[in-house]
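Chemist: To start, I am sharing the structure in question, which I have written as structure tokens.
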There are 2 protein chains.
Amino acid sequence: MPTPPHAIGFTLDPLDRMSEKRDDEQFVASLRDDPATRFLLFVNNVPLFKRAAGHDPLFDAREAALLGAPRQSVLLGRDADGRALFAHALDASADSVADALPSNPVEAIELRPVAMQGLVAPALGSALGEARSMLDWHRRHGFCANCGTPTTDAGAGWRRVCGKCDAQHFPRVDPVVIMLVADGERCLLGRQKQFLPGMYSALAGFVEPGETFEHAVYREVLEEAGIRCTEVTYYASQPWPFPSSLMIGCFARALETELTVDMNELEDARWFSREEVAAMLDGTHAQGLSAPKPFAIAHHLLKAFVDGPVTG
Amino acid sequence: MPTPPHAIGFTLDPLDRMSEKRDDEQFVASLRDDPATRFLLFVNNVPLFKRAAGHDPLFDAREAALLGAPRQSVLLGRDADGRALFAHALDASADSVADALPSNPVEAIELRPVAMQGLVAPALGSALGEARSMLDWHRRHGFCANCGTPTTDAGAGWRRVCGKCDAQHFPRVDPVVIMLVADGERCLLGRQKQFLPGMYSALAGFVEPGETFEHAVYREVLEEAGIRCTEVTYYASQPWPFPSSLMIGCFARALETELTVDMNELEDARWFSREEVAAMLDGTHAQGLSAPKPFAIAHHLLKAFVDGPVTG
């Protein structure tokens, strides 16, 4: 498996997804019954961890059964050790699972802080991200968008089918461009109201039907900051499971510098010098401003900007 | 607006989408009533053309009203001349519209041959692609996937809202990797059963939740052709409105050469020499094999391979 060039969160996916086996019900059932198989368990989109050994999200079948009945199951794949991994959404509450295992407390912790703080190994973090996106999709797509009838899952959890109109529905993956716009030694960062106090990040926005990456970058920067940009180059991509984005990290060069900030989308946006960004990444900024942590692709765009001239 | 580096179909999008104005109903209504505004009209996902002047898809309000009532309207944006463009799906049939305009026959022609044959200018082809994706999404998403209730459109056609559970639904954009895998002077091409006879193209597949582009390329090539690849590099992206894909064109280098073709996905896959691909692009292949036309991103991946060494 190729190693991603950067240690971005949720990108280290070592699972063999065995997608050609998803419709083989007998095979999937045999995996489910295999004693080596492990289960990632979620309650209301929040993953569960066994706390006796740090933060362990891998439950065996016996433990999973003690915590609650699965209302949704997805075959994630087979890991590097050859063990199958399933994701289960449980009919349970964080309270009901807490003491369900003998002498091993179970805790529900949102995936975002788990990833931000690196509480699990990167490969497990990626599997938890895949699981969260898939289970959240099932949770919010129980009805046929074409005719309104309740749907049922198929293909080991990888699609939903409508028994009335025969429509097939597949999980969403929503592409989002996130771009660091440079003007020589300065780059453009903005902050949304819901960001942590003092945090600034690269601008971002959903790709719309009819757009290339490059057009989406151009449009979003013009809309949010009032400037035109050019020389859009691709840097890296990242699955972002909140709920199911595909982040497309890019660099671009500003064609103008006077900002007109869209205050509906952003609380502020301004130019930052290379030195200022370096201090924000290091946590040494004089005014206490900060940048996203390494689990976010924005961190790596900023770091690449600090480390070398991106545009001329 | 930046010019895409390659003349790929559906990528020349010069529209100002005015997305910040979509919820301003008075503004949108004023655009609709502006005599300069033009309408792209569709019947069952097929665009209409006035034939008196070649293939003209731009209808004014008076003409649009003669052809049928809109069952769905989407504000596409403002073109380079400052004219607003709307997409309308009509309650009409290809037969009913044919003679509805005095001395100007109206013809319904599928967008795919329109684009393949270059029947309209690239900018109009891109607008038709955006329109087709948006209208098809409305057509197949009239119900809330969360609760099954009929939804209504909002934001000038850019979202659907549920009056019962308050869910908001946005148009789908489905990322697809399409990759040319090279082994020195040879590249890997496959054909699906539904391809035109003799046509071969680059392998492709949908990006799944939890994957980067690079992982999706690796997985798809392994699944479809049984070989591992590395050095995945991004080339260009393309909106592909059949119905709403975002093609992500990549190159990759094969780590092995003995193919195991997945006959469920492909009818055939094999290695092609640079000379053979050049002949397929030129239409001079000795056995009559062919490659995709320039409106498809695959053509440009193949052409780049023929024009220069991509991998070492």
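Following the order of the structure tokens, chains are lettered A, B, ..., residues in each are numbered from 1, and ligands are numbered from 1.
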Excluding same-chain residues fewer than 5 positions from Phe59 (chain A), what lies within 9 Å of it counting only C-alpha atoms, as number ranges by chain?
Modeler: A: 37-41, 49-50, 64
Chemist: Would you pick out the contacts of Ile227 (chain B) at 7 Å or less, using only C-alpha atoms, so that residues sharing its chain but fewer than 2 positions from it are not included, and give the list as a VMD selection string?
Modeler: chain B and resid 221 to 222 225 229 256 to 257 259
Chemist: Between B:Ala286, B:Val277, B:Met247, B:Leu196, which is the closest to chain A once you count only C-alpha atoms?
Modeler: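 Closest residue, counting only C-alpha atoms: B:Met247.
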Chemist: Give me the chain A side of the contact with chain B, cut-off 7 Å, one line per residue showing its nearest atom pair and distance in Å at one decimal, counting only C-alpha atoms, sorted by chain and residue number, as a tab-separated table.
Modeler:
residue	atom	partner	partner_atom	distance
A:Pro2	CA	B:Thr230	CA	6.1
A:Thr11	CA	B:Thr212	CA	6.3
A:Ser126	CA	B:Gly210	CA	6.7
A:Gly129	CA	B:Gly210	CA	6.2
A:Glu130	CA	B:Gly210	CA	4.2
A:Ser133	CA	B:Pro209	CA	6.3
A:Met134	CA	B:Pro209	CA	6.9
A:Arg140	CA	B:Asn146	CA	4.7
A:His141	CA	B:Ala145	CA	4.5
A:Gly142	CA	B:Asn146	CA	5.9
A:Phe143	CA	B:Ala145	CA	4.6
A:Cys144	CA	B:Ala145	CA	5.7
A:Ala145	CA	B:Phe143	CA	4.5
A:Asn146	CA	B:Arg140	CA	4.7
A:Cys147	CA	B:Phe143	CA	6.2
A:Gly148	CA	B:Gly148	CA	4.2
A:Thr149	CA	B:Gly148	CA	6.3
A:Val173	CA	B:Pro209	CA	5.9
A:Asp174	CA	B:Val173	CA	6.3
A:Pro175	CA	B:Pro175	CA	6.9
A:Glu208	CA	B:Val173	CA	6.8
A:Pro209	CA	B:Glu130	CA	5.6
A:Gly210	CA	B:Glu130	CA	4.2
A:Glu211	CA	B:Pro239	CA	5.7
A:Thr212	CA	B:Gln238	CA	5.3
A:Phe213	CA	B:Ser237	CA	6.3
A:Thr230	CA	B:Pro2	CA	6.1
A:Ser237	CA	B:Thr212	CA	5.4
A:Gln238	CA	B:Thr212	CA	5.3
A:Pro239	CA	B:Gly210	CA	5.2
A:Ser244	CA	B:Pro209	CA	6.6
Chemist: Of the candidates A:Cys187, A:Ala89, A:Ala115, A:Val106, which shows the shortest atom-to-atom distance to Val74 (chain A), using only C-alpha atoms?
Modeler: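 Smallest distance to Val74 (chain A) is found for A:Ala89.
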Chemist: Pick out each residue of region 80-221 of chain B that DSSP on the backbone tags as strand (DSSP E or B); I need them as number ranges by chain.
Modeler: B: 84-91, 106-108, 143, 150, 152-154, 159-161, 168-169, 174-183, 186-191, 199, 201, 203-206
Chemist: Neighbours of Ser290 (chain B) within 8 Å (only C-alpha atoms; same-chain residues fewer than 6 positions away dropped), as a list in words?
Modeler: Gly198, Met199, Tyr200, Met280, Leu281 and Gly283 of chain B
Chemist: Pull the helix (DSSP H, G or I) assignments for region 34-282 of chain B out of DSSP run on the backbone, and list those residues as a ChimeraX atom specification.
Modeler: /B:61-67,94-98,111-116,122-140,155-157,213-225,274-282
Chemist: What gap, in Å, lies between CA of Thr152 (chain B) and CA of Lys164 (chain B)?
Modeler: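 Result for CA of Thr152 (chain B) versus CA of Lys164 (chain B): 11.0 Å, one decimal.
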Chemist: Enter the distance from CA of Ser73 (chain A) to CA of Gln168 (chain A), in Å, rounded to one decimal.
Modeler: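 Atom-to-atom, CA of Ser73 (chain A) to CA of Gln168 (chain A), that is 17.8 Å.
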Chemist: Between A:Ser273, A:Ser96, A:Asn44, A:Ser201, single out the one closest to His299 (chain A), counting only C-alpha atoms.
Modeler: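 Looking only at the distances to His299 (chain A), the closest residue turns out to be A:Ser201.
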Chemist: With distances taken over only C-alpha atoms, which of A:Leu180, A:Leu188, A:Leu124, A:Ala7 is nearest to Asp79 (chain A)?
Modeler: A:Leu124
Chemist: Using only C-alpha atoms, which of B:Ala296, B:Ala92, B:Asp99, B:Ala279 sits nearest Gly118 (chain B)?
Modeler: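 That would be B:Ala296, the residue with the smallest distance to Gly118 (chain B).
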Chemist: One decimal, in Å: what's the spacing between CA of Arg160 (chain A) and CA of Pro70 (chain A)?
Modeler: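 Separation of CA of Arg160 (chain A) and CA of Pro70 (chain A): 16.7 Å.
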